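Only one structure is covered here, and it is reproduced in the block below.
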Amino acid sequence: MFQPVSFFIGLRYSRSQKPSGFVSFITFFSIAGILLGVAALITVVSVMNGFEGDLKKRILGLVPHVVVSTQAPSFPQWQKQRAEFLSHPHVQQVSPFIETEALIQSSTSLQGVLLQGIIPEFESHNIVNSNMVAGSLESLSQGKYNVVLGRSLARQLNVAYGDKIRLVLLNKTVFTPMGRVPVQRTFTISGIFNVGSQVDDSMVYVHSKYAAKLLRVKGDGVKQLRLYLDDAFNAEQVVEQLIQSNEELKGQPFDFTTWITSQGVLFSSVKMEKNMMWIMLSLIISVATFNIVSALVMVVIDKQGEIAILQTLGLSQGGVVKIFIVQGMVNGLWGVILGSILGITLTLNLNDVIASLGVNLFGAGYTAQQLPIKLVSTDVMVILISALSMSFLATLYPAYRASKTQPVEVLSYE
């Protein structure tokens with residue numbers, strides 16, 4: 001098969017059976033360094049993607065992506081506004097709710113919580129529905145003054161399904177013969193959920209009409225609409241589009257609040273950690289590419305006589321450059337291919353490897369030792385292209401130095 005001369009010679013140099021021992025040593029470690037760097041980067045980035053996705057599911061599954069609220073005692077025509085919001089292509093779900101701070105009291109304990117009054121018919125998408133360990137959200141509509149709370153909160157209060165608890169609103173008071181006292185009411189626990197996040201011990205759900213009674217609000221008490229988007233990270237852009245596309249919103253006393261206000265710092269920290277992992281592990285690949293430079297420079301010095309002969313036979317400086325670029329890229333390509341195979345294999349079997357080694361990553365308090373892993377093909381492609389690009393850049397100086405060989409000076413000593 002026809003091959004360009006530079007490509008053919010570059011491959012011959014890379015497959016040479018009798019290279020210098022020290023050059024072979026450096027070449028081996030350059031390939032090994034790229035291999036380990038690519039494999040480590042694929043594995044770590046996949047784990048970081050998994051953690052980010054897990055946070056997004058557990059936290060943003062409960063925290064509204066966008067909250068639309070009003071300063072009025074109740075939300076005017078919220079059913080109509082809900083239908084208009086649902087017509088937006090990026091809005092998947094809209095649910096009405098009312099929210100306030102409260103104290104939850106059992107016979108043995110007292111905790112501060114965030115009380116949400118919801119309409120269960122609009123909460124079918126809620127992540128709580130798929131993480132119920134007892135009862136259901138629909139039970140809030142099936143009886144009077146029912147409450148649904150998290151399992152960790154139930155443990156702190158030492159209560160179980162079917163027990164009675166008391167909700168106390170410190171910001172609402174009523175006059176009694178005993179004087180002014182906070183509004184309070186006994187509720188029955190009709191559901192317990194376990195999402196596996198901090199909201200499990202800080203959030204309780206009741207039906208909105210009973211929350212409205214506690215707050216002394218007429219009707220269903222709906223004061224806010226929460227919007228769930230197809231991508232929570234586009235919340236600010238969606239808010240701008242909603243304001244622009246809904247003419248009726250202009251001039252209305254509506255406030256838009258995104259999840260970034262309450263949870264943005266957490267996700268920014270995760271993103272920063274992910275970027276730092278990219279940088280630190282990319283340095284491993286960078287160090288390995290420096291070994292390619294060292295190995296090629298030594299090859300250039302060793303092959304000066306052959307380079308001079310090729311130049312006298314008519315090989316151009318560009319041809320000499322291509323020879324050593326090919327040789328260096330072969331080493332980089334081997335490292336990238338083997339590293340990607342190792343990295344993808346390790347990523348897909350990481351939890352099995354951890355289990356077989358008996359490594360406890362989460363401490364003795366956790367029975368499940370499963371890392372959340374999300375292998376993203378675009379991240380793998382970026383890693384491979386970046387590693388190949390660094391390998392290519394590492395070949396330029398040795399190739400340029402080889403092209404500057406002077407045949408007259410070199411061959412005069414042969």
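Scheme for the structure tokens: letters A, B, ... for chains in order shown; per-chain residue numbers from 1; ligand numbers from 1 in order shown.
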Pull the closest atom pair for each residue of region 29-118 of chain A that gets at most 6 Å from region 315-335 of chain A, along with the distance in Å to one decimal, counting only C-alpha atoms, ordering rows by chain and then ascending residue number, as a tab-separated table.
residue	atom	partner	partner_atom	distance
A:Ile31	CA	A:Gly335	CA	4.7
A:Ile34	CA	A:Gly335	CA	5.0
A:Leu35	CA	A:Gly335	CA	4.4
Residues from the last selection, C-alpha atoms, saved as a PDB file, in the first residue's frame:
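The resulting file, selection_16.pdb, is shown below:
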ATOM      1  CA  ILE A  31       2.906   6.492  27.145  1.00  0.00           C
ATOM      2  CA  ILE A  34      -0.743   9.689  29.244  1.00  0.00           C
ATOM      3  CA  LEU A  35      -2.518   6.372  29.831  1.00  0.00           C
TER       4      LEU A  35
END
Inset, instruction - Tell me, as JSON, numbers by chain, which residues lie within 10 Å of region 82-94 of chain A, counting only C-alpha atoms; anything in the same chain fewer than 3 positions away does not count. - result: {"A": [64, 65, 66, 67, 77, 78, 79, 97, 122, 123, 124, 125, 126, 225, 226, 227, 228, 229, 230, 231, 232, 234, 235, 238, 241, 242, 245, 246]}
Legend entry - Nearest-residue call for Asn131 (chain A), choices A:Phe392, A:Phe193, A:Phe187, A:Trp278, using only C-alpha atoms: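 That would be A:Phe193, the residue with the smallest distance to Asn131 (chain A).
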Inset, instruction - Extract, using only C-alpha atoms, all DNA, RNA and protein residues at most 9 Å from Asn194 (chain A), discarding same-chain residues fewer than 3 positions from it, and format them as a list of chain:residue names. - result: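 The neighbour list is A:Val128, A:Asn131, A:Met132, A:Val133, A:Leu149, A:Gly150, A:Arg151, A:Ser152, A:Ser197, A:Asp200.
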Taking 5 positions as the minimum chain separation for residues in the same chain, which residues sit within 9 Å of region 281-291 of chain A when counting only C-alpha atoms? Answer as a tab-separated table (two decimals) with N, CA and C atoms, in the first residue's frame.
chain	number	residue	atom	x	y	z
A	26	ILE	N	12.16	6.42	28.60
A	26	ILE	CA	11.40	7.67	28.62
A	26	ILE	C	10.12	7.53	27.80
A	27	THR	N	10.23	6.86	26.63
A	27	THR	CA	9.05	6.67	25.78
A	27	THR	C	7.98	5.86	26.50
A	29	PHE	N	7.47	5.60	29.73
A	29	PHE	CA	6.83	6.36	30.79
A	29	PHE	C	5.98	7.51	30.25
A	30	SER	N	6.32	8.00	29.07
A	30	SER	CA	5.45	9.01	28.47
A	30	SER	C	4.11	8.40	28.08
A	31	ILE	N	4.15	7.19	27.49
A	31	ILE	CA	2.91	6.49	27.14
A	31	ILE	C	2.13	6.14	28.41
A	32	ALA	N	2.86	5.62	29.43
A	32	ALA	CA	2.21	5.24	30.68
A	32	ALA	C	1.60	6.46	31.38
A	33	GLY	N	2.30	7.59	31.33
A	33	GLY	CA	1.77	8.80	31.96
A	33	GLY	C	0.49	9.28	31.30
A	34	ILE	N	0.48	9.30	29.96
A	34	ILE	CA	-0.74	9.69	29.24
A	34	ILE	C	-1.87	8.71	29.53
A	35	LEU	N	-1.54	7.41	29.55
A	35	LEU	CA	-2.52	6.37	29.83
A	35	LEU	C	-3.17	6.60	31.19
A	36	LEU	N	-2.35	6.78	32.23
A	36	LEU	CA	-2.89	6.96	33.58
A	36	LEU	C	-3.65	8.28	33.71
A	37	GLY	N	-3.12	9.31	33.07
A	37	GLY	CA	-3.79	10.61	33.15
A	37	GLY	C	-5.16	10.57	32.51
A	38	VAL	N	-5.26	9.99	31.32
A	38	VAL	CA	-6.55	9.90	30.63
A	38	VAL	C	-7.52	9.03	31.42
A	40	ALA	N	-7.49	8.32	34.68
A	40	ALA	CA	-7.87	8.98	35.92
A	40	ALA	C	-8.86	10.11	35.66
A	41	LEU	N	-8.63	10.88	34.59
A	41	LEU	CA	-9.51	12.00	34.28
A	41	LEU	C	-10.91	11.52	33.92
A	44	VAL	N	-12.55	10.17	37.31
A	44	VAL	CA	-12.89	11.21	38.29
A	44	VAL	C	-13.99	12.12	37.77
A	276	MET	N	-11.43	22.11	39.15
A	276	MET	CA	-10.11	21.92	39.74
A	276	MET	C	-9.60	20.50	39.49
A	296	LEU	N	11.86	12.47	22.04
A	296	LEU	CA	12.04	12.84	20.63
A	296	LEU	C	13.32	13.64	20.43
A	332	GLY	N	1.64	9.17	21.67
A	332	GLY	CA	0.48	9.79	22.31
A	332	GLY	C	-0.80	9.03	22.03
A	383	ILE	N	-11.66	14.93	26.66
A	383	ILE	CA	-10.43	14.43	27.28
A	383	ILE	C	-9.50	13.85	26.23
A	386	SER	N	-8.14	16.60	23.94
A	386	SER	CA	-7.17	17.42	24.67
A	386	SER	C	-5.84	16.70	24.82
A	387	ALA	N	-5.88	15.40	25.15
A	387	ALA	CA	-4.65	14.63	25.31
A	387	ALA	C	-3.90	14.52	23.98
A	390	MET	N	-2.28	17.93	23.22
A	390	MET	CA	-1.04	18.15	23.99
A	390	MET	C	0.10	17.29	23.45
A	391	SER	N	-0.22	16.08	23.02
A	391	SER	CA	0.82	15.22	22.42
A	391	SER	C	1.34	15.83	21.13
A	392	PHE	N	0.44	16.40	20.34
A	392	PHE	CA	0.85	17.04	19.09
A	392	PHE	C	1.75	18.25	19.36
A	393	LEU	N	1.36	19.08	20.34
A	393	LEU	CA	2.17	20.24	20.67
A	393	LEU	C	3.55	19.84	21.17
A	394	ALA	N	3.62	18.68	21.86
A	394	ALA	CA	4.90	18.21	22.39
A	394	ALA	C	5.86	17.78	21.29
A	395	THR	N	5.34	17.45	20.11
A	395	THR	CA	6.21	17.00	19.01
A	395	THR	C	6.78	18.15	18.19
Could you pull the residues within 12 Å of Gly112 (chain A), counting only C-alpha atoms, minus those fewer than 2 positions along the same chain, as a PDB file with C-alpha atoms, in the first residue's frame?
ATOM      1  CA  THR A 100     -44.402  29.392  56.113  1.00  0.00           C
ATOM      2  CA  GLU A 101     -42.058  28.616  58.966  1.00  0.00           C
ATOM      3  CA  ALA A 102     -43.367  26.544  61.833  1.00  0.00           C
ATOM      4  CA  LEU A 103     -42.508  24.456  64.847  1.00  0.00           C
ATOM      5  CA  ILE A 104     -43.363  20.765  64.902  1.00  0.00           C
ATOM      6  CA  GLN A 105     -43.854  19.226  68.333  1.00  0.00           C
ATOM      7  CA  SER A 106     -44.124  15.650  69.516  1.00  0.00           C
ATOM      8  CA  SER A 109     -39.133  16.802  71.017  1.00  0.00           C
ATOM      9  CA  LEU A 110     -39.573  20.131  69.239  1.00  0.00           C
ATOM     10  CA  LEU A 114     -40.602  24.717  56.756  1.00  0.00           C
ATOM     11  CA  LEU A 115     -44.326  24.078  56.349  1.00  0.00           C
ATOM     12  CA  LEU A 153     -37.409  14.252  61.084  1.00  0.00           C
ATOM     13  CA  GLN A 156     -35.758  13.105  65.715  1.00  0.00           C
ATOM     14  CA  LEU A 157     -39.314  13.544  66.956  1.00  0.00           C
ATOM     15  CA  ARG A 166     -48.604  19.511  66.781  1.00  0.00           C
ATOM     16  CA  LEU A 167     -47.786  22.315  64.335  1.00  0.00           C
ATOM     17  CA  VAL A 168     -47.204  25.745  65.851  1.00  0.00           C
ATOM     18  CA  LEU A 169     -47.003  29.006  63.850  1.00  0.00           C
ATOM     19  CA  LEU A 170     -45.049  31.575  65.835  1.00  0.00           C
ATOM     20  CA  ASP A 201     -35.451  16.824  58.395  1.00  0.00           C
ATOM     21  CA  SER A 202     -36.649  20.336  57.540  1.00  0.00           C
ATOM     22  CA  MET A 203     -39.748  20.024  55.329  1.00  0.00           C
ATOM     23  CA  VAL A 204     -43.325  19.005  56.141  1.00  0.00           C
TER      24      VAL A 204
END
